[in-house]
$ cat run-v9.cif   # mmCIF, C-alpha atoms
data_input
loop_
_atom_site.label_atom_id
_atom_site.label_comp_id
_atom_site.auth_asym_id
_atom_site.auth_seq_id
_atom_site.Cartn_x
_atom_site.Cartn_y
_atom_site.Cartn_z
CA MET V 1 185.13 139.33 118.40
CA THR V 2 183.73 136.15 119.90
CA SER V 3 179.95 136.26 120.21
CA ILE V 4 177.32 134.17 121.94
CA GLY V 5 173.87 133.97 120.45
CA GLY V 6 174.71 136.91 118.20
CA ALA V 7 175.94 139.04 121.10
CA GLN V 8 179.55 139.74 121.99
CA MET V 9 180.92 137.77 124.93
CA VAL V 10 182.62 140.99 126.05
CA ASP V 11 181.65 144.38 124.68
CA TRP V 12 185.15 145.82 124.61
CA ASN V 13 184.05 149.28 123.49
CA LEU V 14 181.63 149.46 126.38
CA ALA V 15 184.38 148.33 128.75
CA VAL V 16 186.56 151.23 127.60
CA ALA V 17 183.68 153.71 127.81
CA THR V 18 182.70 152.54 131.31
CA ALA V 19 186.25 152.64 132.65
CA THR V 20 186.86 156.07 131.13
CA ARG V 21 183.67 157.41 132.67
CA LEU V 22 184.41 155.97 136.13
CA VAL V 23 188.14 156.61 136.32
CA ARG V 24 189.12 158.91 139.13
CA PRO V 25 190.58 162.29 138.21
CA GLY V 26 194.31 162.55 138.66
CA PRO V 27 196.11 165.04 140.89
CA GLU V 28 195.71 168.69 140.05
CA VAL V 29 198.45 170.10 137.84
CA THR V 30 198.57 173.08 135.53
CA ARG V 31 198.86 172.66 131.78
CA ASP V 32 202.51 173.76 131.91
CA GLU V 33 203.24 171.37 134.76
CA ALA V 34 201.67 168.52 132.80
CA ARG V 35 203.87 169.26 129.79
CA GLU V 36 206.96 169.34 131.99
CA ILE V 37 206.06 166.04 133.67
CA VAL V 38 205.50 164.28 130.35
CA ALA V 39 208.78 165.62 128.95
CA GLU V 40 210.69 164.59 132.06
CA LEU V 41 209.27 161.06 132.05
CA ARG V 42 210.30 160.69 128.41
CA ARG V 43 213.83 161.86 129.27
CA HIS V 44 214.03 159.44 132.17
CA ALA V 45 212.83 156.56 130.01
CA LYS V 46 215.61 157.34 127.54
CA SER V 47 218.36 157.74 130.11
CA SER V 48 217.24 154.58 131.89
CA GLU V 49 218.20 152.52 128.84
CA GLU V 50 221.89 153.26 129.31
CA HIS V 51 221.78 152.80 133.09
CA VAL V 52 219.95 149.47 132.96
CA ARG V 53 222.03 148.01 130.15
CA ALA V 54 225.29 148.96 131.86
CA TYR V 55 224.19 147.48 135.19
CA THR V 56 222.57 144.26 133.95
CA ARG V 57 225.03 143.51 131.10
CA MET V 58 222.14 141.82 129.29
CA VAL V 59 222.76 143.59 125.97
CA PRO V 60 226.18 142.76 124.43
CA ASP V 61 228.32 145.62 123.13
CA GLY V 62 227.55 146.40 119.53
CA HIS V 63 224.15 144.73 119.67
CA GLU V 64 221.15 147.02 119.49
CA PRO V 65 217.88 145.26 120.41
CA PRO V 66 214.61 146.14 118.66
CA ASP V 67 213.26 149.53 119.65
CA THR V 68 209.89 149.79 121.35
CA PRO V 69 207.85 152.97 121.79
CA VAL V 70 207.56 154.80 125.10
CA LEU V 71 204.10 156.21 125.79
CA VAL V 72 203.36 158.60 128.64
CA VAL V 73 199.64 158.15 129.21
CA ASP V 74 196.85 159.19 131.52
CA ARG V 75 194.54 156.70 133.22
CA ALA V 76 192.16 156.52 130.27
CA GLY V 77 195.11 155.85 127.97
CA TRP V 78 196.23 152.99 130.19
CA VAL V 79 192.71 151.52 129.99
CA LYS V 80 192.65 151.67 126.18
CA ALA V 81 196.08 150.07 125.91
CA ASN V 82 195.19 147.21 128.23
CA VAL V 83 191.82 146.52 126.62
CA ALA V 84 193.64 146.13 123.30
CA GLY V 85 196.00 143.63 124.90
CA PHE V 86 193.24 141.71 126.70
CA ARG V 87 191.19 141.53 123.53
CA GLU V 88 194.05 139.89 121.67
CA LEU V 89 195.22 137.58 124.44
CA LEU V 90 191.78 136.28 125.44
CA LYS V 91 190.56 135.36 121.97
CA PRO V 92 191.22 131.60 122.44
CA LEU V 93 189.52 131.52 125.85
CA LEU V 94 186.42 133.38 124.68
CA ALA V 95 186.15 131.19 121.60
CA LYS V 96 186.28 128.11 123.83
CA MET V 97 183.65 129.55 126.14
CA GLN V 98 181.40 130.18 123.16
CA GLU V 99 181.66 126.53 122.14
CA ARG V 100 180.69 125.43 125.65
CA ARG V 101 177.82 127.79 126.21
CA PRO V 102 174.70 126.01 127.40
CA GLY V 103 171.81 125.47 125.05
CA GLY V 104 168.23 126.49 125.63
CA PRO V 105 167.07 129.45 127.70
CA GLY V 106 170.26 129.53 129.76
CA GLY V 107 172.36 130.04 126.67
CA ALA V 108 170.06 132.76 125.43
CA VAL V 109 170.27 134.59 128.77
CA LEU V 110 174.05 134.30 128.72
CA GLY V 111 174.16 135.67 125.20
CA ALA V 112 172.03 138.62 126.21
CA VAL V 113 174.01 139.60 129.31
CA GLY V 114 177.45 138.37 128.32
CA GLY V 115 178.35 141.37 126.22
CA LYS V 116 176.90 144.52 127.72
CA VAL V 117 176.90 143.52 131.37
CA THR V 118 180.35 141.98 131.25
CA GLY V 119 181.65 145.01 129.37
CA VAL V 120 180.39 147.26 132.16
CA GLU V 121 181.87 145.01 134.85
CA LEU V 122 185.23 144.76 133.12
CA GLY V 123 185.20 148.54 132.77
CA MET V 124 184.64 148.90 136.52
CA LEU V 125 187.63 146.71 137.27
CA LEU V 126 189.84 148.54 134.80
CA SER V 127 188.87 151.90 136.32
CA PHE V 128 189.92 150.54 139.73
CA MET V 129 193.27 149.29 138.46
CA SER V 130 194.00 152.32 136.28
CA SER V 131 194.65 154.51 139.31
CA ARG V 132 197.16 152.06 140.80
CA VAL V 133 199.60 151.26 138.00
CA LEU V 134 202.69 153.48 137.79
CA GLY V 135 204.16 151.93 134.67
CA GLN V 136 203.92 148.83 132.54
CA TYR V 137 205.80 147.11 129.76
CA GLU V 138 203.11 145.66 127.52
CA THR V 139 204.66 142.51 126.12
CA PHE V 140 201.83 141.48 123.80
CA ALA V 141 200.64 144.90 122.72
CA PRO V 142 198.91 145.09 119.32
CA ALA V 143 199.40 148.41 117.56
CA THR V 144 196.31 150.59 117.22
CA ARG V 145 195.72 153.94 115.56
CA ASP V 146 196.30 155.81 118.81
CA LEU V 147 198.72 153.41 120.51
CA PRO V 148 201.81 152.41 118.52
CA ALA V 149 203.74 149.25 119.33
CA ALA V 150 206.93 147.59 118.15
CA ALA V 151 206.93 145.69 114.87
CA ASN V 152 205.80 142.06 114.73
CA GLY V 153 203.67 142.31 117.85
CA GLY V 154 206.52 143.60 119.99
CA GLY V 155 205.86 145.70 123.03
CA ARG V 156 205.49 149.22 124.31
CA LEU V 157 206.42 150.89 127.56
CA LEU V 158 203.69 152.81 129.36
CA LEU V 159 204.30 155.39 132.08
CA VAL V 160 201.06 156.53 133.78
CA ALA V 161 201.82 160.15 134.58
CA PRO V 162 198.95 161.01 136.99
CA ASN V 163 199.61 157.92 139.11
CA ILE V 164 203.32 158.67 139.37
CA VAL V 165 202.57 162.23 140.47
CA HIS V 166 199.95 161.01 142.93
CA VAL V 167 202.32 158.56 144.63
CA GLU V 168 205.30 160.93 144.75
CA ARG V 169 203.07 163.48 146.51
CA GLU V 170 201.60 160.86 148.83
CA LEU V 171 205.06 159.64 149.85
CA ASP V 172 206.44 163.20 150.00
CA VAL V 173 209.59 162.27 148.07
CA GLU V 174 211.70 164.24 145.60
CA PRO V 175 209.66 164.17 142.36
CA HIS V 176 212.55 164.03 139.88
CA ASP V 177 214.20 161.16 141.75
CA PHE V 178 210.96 159.21 142.05
CA ARG V 179 210.16 159.54 138.36
CA LEU V 180 213.58 158.23 137.38
CA TRP V 181 213.28 155.41 139.92
CA VAL V 182 209.99 154.27 138.36
CA ALA V 183 211.45 154.56 134.86
CA LEU V 184 214.37 152.31 135.86
CA HIS V 185 211.96 149.56 136.92
CA GLU V 186 209.95 149.67 133.70
CA GLU V 187 213.04 149.99 131.51
CA THR V 188 214.36 146.80 133.12
CA HIS V 189 211.25 145.01 131.89
CA ARG V 190 211.79 146.38 128.41
CA THR V 191 215.42 145.22 128.49
CA GLN V 192 214.36 141.77 129.64
CA PHE V 193 212.16 141.24 126.60
CA THR V 194 214.22 143.06 123.99
CA GLY V 195 217.52 141.63 125.23
CA VAL V 196 216.29 138.01 125.51
CA PRO V 197 214.84 137.19 122.07
CA TRP V 198 213.12 133.93 123.06
CA LEU V 199 211.44 135.21 126.24
CA ARG V 200 208.35 136.77 124.67
CA ASP V 201 207.48 133.71 122.58
CA HIS V 202 208.09 131.42 125.55
CA LEU V 203 205.81 133.42 127.82
CA GLN V 204 203.13 133.69 125.15
CA GLY V 205 203.27 129.93 124.61
CA GLU V 206 202.79 129.26 128.31
CA ILE V 207 199.84 131.66 128.53
CA GLN V 208 198.17 130.16 125.47
CA SER V 209 198.68 126.66 126.87
CA PHE V 210 197.03 127.81 130.08
CA LEU V 211 194.06 129.23 128.17
CA ASP V 212 193.79 126.16 125.93
CA GLN V 213 193.37 123.95 129.00
CA THR V 214 190.77 126.15 130.63
CA GLU V 215 187.70 124.18 131.59
CA VAL V 216 185.18 126.65 132.89
CA ASP V 217 181.63 127.27 131.89
CA PRO V 218 180.82 130.84 130.87
CA MET V 219 178.37 131.41 133.70
CA THR V 220 181.02 130.62 136.33
CA PHE V 221 183.53 132.96 134.74
CA LEU V 222 181.02 135.78 134.45
CA GLU V 223 179.89 135.26 138.02
CA ARG V 224 183.46 135.69 139.31
CA LEU V 225 183.90 138.80 137.24
CA ARG V 226 180.59 140.07 138.59
CA GLU V 227 181.69 139.45 142.19
CA ALA V 228 184.80 141.54 141.66
CA ALA V 229 182.80 144.36 140.10
CA GLN V 230 180.20 144.25 142.86
CA SER V 231 182.96 144.68 145.43
CA LEU V 232 183.67 148.05 143.81
CA ALA V 233 180.03 148.99 143.56
CA GLY V 234 179.33 148.17 147.19
CA GLY V 235 177.21 145.14 146.30
CA ARG V 236 179.23 142.93 148.65
CA PRO V 237 179.92 143.60 152.32
CA GLU V 238 183.21 145.38 152.87
CA GLY V 239 186.08 142.93 153.31
CA GLU V 240 184.03 139.88 152.35
CA GLU V 241 185.96 137.43 150.17
CA ASN V 242 184.59 134.89 147.71
CA GLU V 243 183.45 131.75 149.45
CA ASP V 244 186.65 129.71 149.17
CA GLY V 245 189.13 132.58 149.30
CA ARG V 246 190.52 131.97 145.81
CA SER V 247 191.23 134.46 143.07
CA ILE V 248 189.64 134.51 139.63
CA VAL V 249 192.73 132.89 138.13
CA GLU V 250 192.79 130.10 140.71
CA LEU V 251 189.11 129.32 140.20
CA VAL V 252 189.57 128.35 136.55
CA GLN V 253 192.50 126.00 137.06
CA THR V 254 192.63 122.37 135.97
CA PRO V 255 195.39 120.02 137.22
CA GLY V 256 197.34 120.65 134.01
CA GLN V 257 196.95 124.39 134.44
CA ARG V 258 198.42 124.26 137.94
CA GLU V 259 201.71 123.10 136.47
CA ILE V 260 201.66 125.87 133.87
CA LEU V 261 200.68 128.46 136.47
CA GLY V 262 203.57 127.33 138.66
CA ARG V 263 206.00 127.98 135.80
CA LEU V 264 204.36 131.32 134.99
CA THR V 265 204.52 132.35 138.65
CA ALA V 266 208.24 131.57 138.72
CA VAL V 267 208.90 133.58 135.55
CA MET V 268 206.87 136.56 136.73
CA SER V 269 208.60 136.48 140.12
CA LEU V 270 211.94 136.49 138.33
CA LEU V 271 210.99 139.41 136.07
CA GLU V 272 209.46 141.55 138.81
CA GLY V 273 212.18 140.77 141.34
CA HIS V 274 214.89 141.48 138.79
CA ALA V 275 213.33 144.87 138.01
CA ASP V 276 213.22 145.77 141.71
CA PHE V 277 216.81 144.61 142.17
CA VAL V 278 218.04 146.63 139.19
CA MET V 279 216.31 149.89 140.08
CA ASP V 280 217.73 149.68 143.59
CA GLY V 281 221.17 148.71 142.27
CA VAL V 282 221.31 151.54 139.76
CA GLY V 283 219.61 153.94 142.14
CA PRO V 284 222.49 155.07 144.39
CA ALA V 285 224.49 156.33 141.40
CA VAL V 286 221.69 158.28 139.69
CA VAL V 287 218.86 158.69 142.25
CA PRO V 288 220.24 160.54 145.28
CA SER V 289 217.24 159.85 147.52
CA VAL V 290 216.78 156.19 146.52
CA ALA V 291 217.03 154.90 150.10
CA GLU V 292 214.22 157.18 151.29
CA ILE V 293 212.08 156.33 148.26
CA ARG V 294 212.52 152.58 148.72
CA GLU V 295 211.73 152.72 152.44
CA LYS V 296 208.58 154.78 151.99
CA PHE V 297 207.44 152.76 148.99
CA GLN V 298 207.89 149.48 150.84
CA GLN V 299 205.88 150.84 153.75
CA ARG V 300 203.15 151.83 151.34
CA ARG V 301 203.07 148.31 149.87
CA ALA V 302 202.97 146.75 153.33
CA ARG V 303 200.14 148.99 154.54
CA GLY V 304 197.95 148.27 151.57
CA ALA V 305 194.58 149.96 151.62
CA GLY V 306 191.24 149.37 153.32
CA ARG V 307 189.48 146.05 153.72
CA LEU V 308 187.51 146.55 150.52
CA ASP V 309 190.70 147.14 148.54
CA GLN V 310 192.34 144.09 150.11
CA ALA V 311 189.35 141.86 149.33
CA LEU V 312 189.32 142.98 145.71
CA ARG V 313 193.08 142.46 145.41
CA LYS V 314 192.59 138.90 146.67
CA LEU V 315 189.80 138.20 144.21
CA LEU V 316 191.81 139.55 141.28
CA GLY V 317 195.02 137.83 142.37
CA LEU V 318 196.87 141.15 142.88
CA ASP V 319 198.17 140.04 146.28
CA ALA V 320 200.13 137.33 144.48
CA LYS V 321 201.83 140.02 142.39
CA LEU V 322 203.08 141.73 145.54
CA ARG V 323 204.62 138.44 146.68
CA GLN V 324 206.33 138.15 143.31
CA TYR V 325 208.20 141.41 143.89
CA ARG V 326 209.44 140.23 147.27
CA ASP V 327 210.29 136.61 146.46
CA GLY V 328 211.80 137.39 143.08
CA GLU V 329 214.02 140.17 144.40
CA ARG V 330 215.28 137.85 147.14
CA PHE V 331 216.13 135.18 144.54
CA VAL V 332 218.00 137.62 142.27
CA ARG V 333 219.94 139.14 145.15
CA ALA V 334 221.01 135.74 146.48
CA VAL V 335 222.18 134.50 143.06
CA VAL V 336 224.07 137.70 142.23
CA GLU V 337 225.81 137.63 145.62
CA GLU V 338 226.89 134.03 145.04
CA THR V 339 227.73 134.03 141.32
CA GLY V 340 228.00 137.69 140.23
CA MET V 341 225.92 139.44 137.60
CA ASP V 342 227.28 137.37 134.72
CA GLY V 343 226.55 134.23 136.70
CA PHE V 344 223.00 135.36 137.31
CA ASN V 345 222.57 136.16 133.62
CA ARG V 346 222.76 132.46 132.83
CA VAL V 347 219.08 132.56 133.75
CA TRP V 348 218.44 134.11 130.31
CA THR V 349 220.16 131.30 128.36
CA SER V 350 217.02 129.31 127.50
CA PRO V 351 213.67 128.27 128.98
CA ASN V 352 215.51 125.39 130.65
CA THR V 353 217.59 127.77 132.75
CA LEU V 354 214.62 129.71 134.11
CA PRO V 355 214.05 129.03 137.81
CA THR V 356 211.22 126.83 138.94
CA LYS V 357 208.76 128.02 141.55
CA ALA V 358 210.60 125.93 144.14
CA GLU V 359 213.95 127.39 143.10
CA ILE V 360 212.65 130.94 143.51
CA ALA V 361 212.26 130.05 147.20
CA LYS V 362 215.61 128.21 147.29
CA PRO V 363 218.14 130.03 145.07
CA ALA V 364 220.89 127.58 146.03
CA ASP V 365 218.98 124.83 144.22
CA TRP V 366 218.97 126.87 141.00
CA ILE V 367 222.68 127.57 141.35
CA ALA V 368 223.35 123.87 141.86
CA ARG V 369 221.26 122.88 138.84
CA VAL V 370 222.42 125.52 136.37
CA HIS V 371 225.96 126.39 137.44
CA ARG V 372 227.46 123.25 138.86
CA ARG V 373 226.16 121.04 136.06
CA ALA V 374 227.33 123.52 133.43
CA ASP V 375 230.73 123.96 135.11
CA SER V 376 231.25 120.23 135.40
#
$ encode --input "run-v9.cif" --output "structure tokens"
Amino acid sequence: MTSIGGAQMVDWNLAVATATRLVRPGPEVTRDEAREIVAELRRHAKSSEEHVRAYTRMVPDGHEPPDTPVLVVDRAGWVKANVAGFRELLKPLLAKMQERRPGGPGGAVLGAVGGKVTGVELGMLLSFMSSRVLGQYETFAPATRDLPAAANGGGRLLLVAPNIVHVERELDVEPHDFRLWVALHEETHRTQFTGVPWLRDHLQGEIQSFLDQTEVDPMTFLERLREAAQSLAGGRPEGEENEDGRSIVELVQTPGQREILGRLTAVMSLLEGHADFVMDGVGPAVVPSVAEIREKFQQRRARGAGRLDQALRKLLGLDAKLRQYRDGERFVRAVVEETGMDGFNRVWTSPNTLPTKAEIAKPADWIARVHRRADS
């Protein structure tokens, strides 16, 4: 991996070890209960395929998209999977940061602290996030010995069992219904990428373009990472934000990156909103208590957590992800109501038919651009 002055920029093994050591224990379950939960989540993941495909009509009859593995993991397993993905995705950025490292004593100091210290700090952040993710479709997941992935750098679907159990107990909802509801959301993401062959390469190209244009010195990047980690460790006053209120992602933007980030934001809003729309659309037929689950889950999202949690979410850009669920779902619902599901599915035709960030806020503009021009 990229090194500075002979030392790794990020000690990935230390990041995994730190996160695994700090991760909070999951809810108490017996060994038999754990086996039953894992088996049920696997069944729900399988049954969700049929439900999502029938509802979205994204997979034509007779066409079987590439299969991707379903992994039911604990919090440590989620950490290992994401470190593998980060390690692959950030290679260009870390190589660029190595080229720009300062010379002299400053560069030597950076080389000394850049690996071990940053590995510990990254591990702290991953331990924080590992208790909050219910499921995840890893689009750019490299296969490892312990974590299989689809061929040719495909994806894998992760369901984080202890977090799902924790939330279903916290919300006091029917466990079997909640587990299927979560599986429907994540299966929608899998269908998006397996049913739209060009989507993965398009998204990867945008991310790599964003990283290629990054103009940030290593010390600034490490300092922002350190601020986030210190928020967890109590090194910053509770609720205190970074000085200009921007997230880590926003702090490394150039003018060119703002354009790319706008397109990425629109795509992610579409994907997240579509998944929310689908799991609520499928829900009434297969999840009897879907209305109660949605209401309680939305209240949980709106409440958030304490000031420390909110400050850290801001610094990491996680508050933007919550907006993506809301804005994207509103866009999908408006387009489906106006044009039907097949009309909405024109969004998957090519990168040119993806909505812009402005169109996410104004679905009628997307309909006018894509439908009326095509129909005329």
$ resolve_selection --input "run-v9.cif" --expression "the PyMOL selection byres ((chain V and resi 329) around 9)" --output "list in words"
Ser269, Leu270, Leu271, Glu272, Gly273, His274, Ala275, Asp276, Phe277, Gln324, Tyr325, Arg326, Asp327, Gly328, Arg330, Phe331, Val332, Arg333 and Ala334 of chain V
$ residues_around --input "run-v9.cif" --residues "Arg42 of chain V" --least-positions-apart "3" --cutoff "9 Å" --atoms "all atoms listed in the file" --output "list of chain:residue names"
V:Ile37, V:Val38, V:Ala39, V:Ala45, V:Lys46, V:Ser47, V:Val70, V:Leu71, V:Val72, V:Leu159, V:Ala183
$ residues_around --input "run-v9.cif" --residues "Phe140 of chain V" --least-positions-apart "6" --cutoff "10 Å" --atoms "only C-alpha atoms" --output "number ranges by chain"
V: 82, 84-86, 88-89, 149-150, 152-156, 200-201, 203-204
$ residues_near_point --input "run-v9.cif" --point "(215.5, 132.1, 128.9)" --cutoff "9 Å" --atoms "all atoms listed in the file" --output "PyMOL selection string"
chain V and resi 196-199+202+346-354
$ write_last_selection --input "run-v9.cif" --atoms "C-alpha atoms" --output "mmCIF file, keeping the file's coordinate frame"
data_model
loop_
_atom_site.group_PDB
_atom_site.id
_atom_site.type_symbol
_atom_site.label_atom_id
_atom_site.label_comp_id
_atom_site.auth_asym_id
_atom_site.auth_seq_id
_atom_site.Cartn_x
_atom_site.Cartn_y
_atom_site.Cartn_z
ATOM 1 C CA VAL V 196 216.290 138.010 125.510
ATOM 2 C CA PRO V 197 214.840 137.190 122.070
ATOM 3 C CA TRP V 198 213.120 133.930 123.060
ATOM 4 C CA LEU V 199 211.440 135.210 126.240
ATOM 5 C CA HIS V 202 208.090 131.420 125.550
ATOM 6 C CA ARG V 346 222.760 132.460 132.830
ATOM 7 C CA VAL V 347 219.080 132.560 133.750
ATOM 8 C CA TRP V 348 218.440 134.110 130.310
ATOM 9 C CA THR V 349 220.160 131.300 128.360
ATOM 10 C CA SER V 350 217.020 129.310 127.500
ATOM 11 C CA PRO V 351 213.670 128.270 128.980
ATOM 12 C CA ASN V 352 215.510 125.390 130.650
ATOM 13 C CA THR V 353 217.590 127.770 132.750
ATOM 14 C CA LEU V 354 214.620 129.710 134.110
#
$ axis_aligned_box --input "run-v9.cif" --around "segment 70-78 of chain V" --padding-each-side "8 Å" --output "JSON"
{"center_x": 199.9, "center_y": 156.1, "center_z": 129.2, "size_x": 31.4, "size_y": 22.2, "size_z": 24.1}
